[in-house]
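Heads up: the structure comes next, in structure tokens.
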Amino acid sequence: MILKGAEIARYLARPDPTRPALLIYGQDAMRVALKRAEAVKALVGDNADEEMRLTRLPGGDLRKDPAALMDAVKAVGFFPGQRLVLVDDTPDAAAPAIAAAIADWRSGDAVIVVAAGGLSKSSALRKLFEPHPAAVTAPIYDDPPGEEEITRWLAEAGLREVPRDAMRDLALLSRALDPGDFRQTVEKIGLYKHGDPTPLTPAEIADLAPATIEAEVDELIDSVAEGRAREFALLMRRIEAQGILPVTLCIAALRHFRALHAASSDPGGPGAGLARLRPPVFGPRRDRMLRQAQVWGMRALEDAIHQLIDTDLSLRSASRAPALAVMERMLLRLCMMPRGGR
């Protein structure tokens, strides 16, 4: 049986212990590891290692010792409960040993979970599992988790009632982070909200999400986009003290103003444009950028981008002008620019 789409997440959250074997494979090792751990936990629980109900076998060893898998599957445990044999990093060369174990599998034997990397259509493992009437194949793709899966992870972290705006921001965050970082963020949110009966808010998600750029640089660019000249001067001195390169500031400013321009020029309006940005923006950050895009307007943002590109070229040229002074003067000009061009 081959699982597809949303079936994969649902099945791995509750695998069928009456089926002899499950193959989990994919190009992204982190995604495969997370799904494998989820399936193992669902089948045998948290204490399987201590109760000796979980046996781990390196897939690469099965070619030399194919009987090791059969012995582990048939072994009688000291503790009651479901038993499982996890075969990790499994090459195609292990397929004959796995095929023999599945063929001889009986009710009460340990369930076999096989984890592998990317497998081609001609893979011996796929040819074994996909047509098998009882074994299950779960291909893991690089897609972000769906809302159903995020909801289940939140419930495991202790959050069962999540407002729509918070769920929307979590879905955006799941596309910006790799799977391991996103799961850790969900667990961190669960710990943060432990004992707190108030609903999860977008602001809390933004505070707990991993930082993607330096906060000082972020605040400096915001002060420019919002025309806060007095704060800009103070922030610029702090940036200078930290030794951040002028080119770094220019790249950050270009990225920010291009994002505002993309939002401002979207046919559906700035809100729709911000929703299409990659990586996504969410929470208070999205609201702030929405206000900036609305105040500037598309034409003024185009002018700002042209000035930033010219400054970037100047910074990378052989000019003897002090780079930080050039960048500061340029940002100050943007800070004082008239807004509202269409």
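Ordering of the structure tokens sets the chain letters (A, B, ...); residue numbers start at 1 within each chain; ligands are numbered from 1 in the order shown.
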
For this session: For Arg164 in chain A, list every protein, DNA or RNA residue within 12 Å, evaluated using only C-alpha atoms, and leave out those in the same chain fewer than 2 positions away; present the list as a ChimeraX atom specification.
Result: /A:147,151,161-162,166-171,199-202

Output the selection as a short mmCIF file (atom, residue, chain, number, x, y, z; two decimals), in the first residue's frame - C-alpha atoms for each residue.
```
data_model
loop_
_atom_site.label_atom_id
_atom_site.label_comp_id
_atom_site.auth_asym_id
_atom_site.auth_seq_id
_atom_site.Cartn_x
_atom_site.Cartn_y
_atom_site.Cartn_z
CA GLU A 147 -2.86 22.51 9.16
CA THR A 151 -2.82 21.10 14.94
CA GLU A 161 -7.54 25.81 21.01
CA VAL A 162 -5.56 28.01 18.62
CA ALA A 166 -2.33 32.36 15.11
CA MET A 167 -2.77 29.19 13.04
CA ARG A 168 -2.27 31.19 9.85
CA ASP A 169 1.02 32.57 11.17
CA LEU A 170 2.17 29.11 12.26
CA ALA A 171 1.47 27.81 8.77
CA PRO A 199 -5.32 32.22 23.41
CA LEU A 200 -2.04 32.06 21.52
CA THR A 201 -1.44 35.35 19.68
CA PRO A 202 0.53 36.23 16.51
#
```

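Proximity to Ala275 in chain A at 12 Å, evaluated using only C-alpha atoms and with sequence-adjacent residues fewer than 5 positions away removed, yields Arg168, Asp169, Ala171, Leu172, Leu173, Ala259, Leu260, Ala262, Ala263, Ser264, Asp266, Gly268, Gly269, Pro270, Pro280, Val281, Phe282, Gly283, Arg286, Asp287, Met289 and Leu290 of chain A.
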
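Minimum distance to Pro80 in chain A across A:Ala68, A:Ala323, A:Ala110, A:Leu277 (counting only C-alpha atoms) occurs at A:Ala110.
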
Problem set entry | Test item: residues at most 12 Å from Ala103 in chain A, only C-alpha atoms, excluding those fewer than 2 positions along its chain, as number ranges by chain | A: 19-21, 70, 73, 96-101, 105-106, 109, 112, 128-129, 132-135
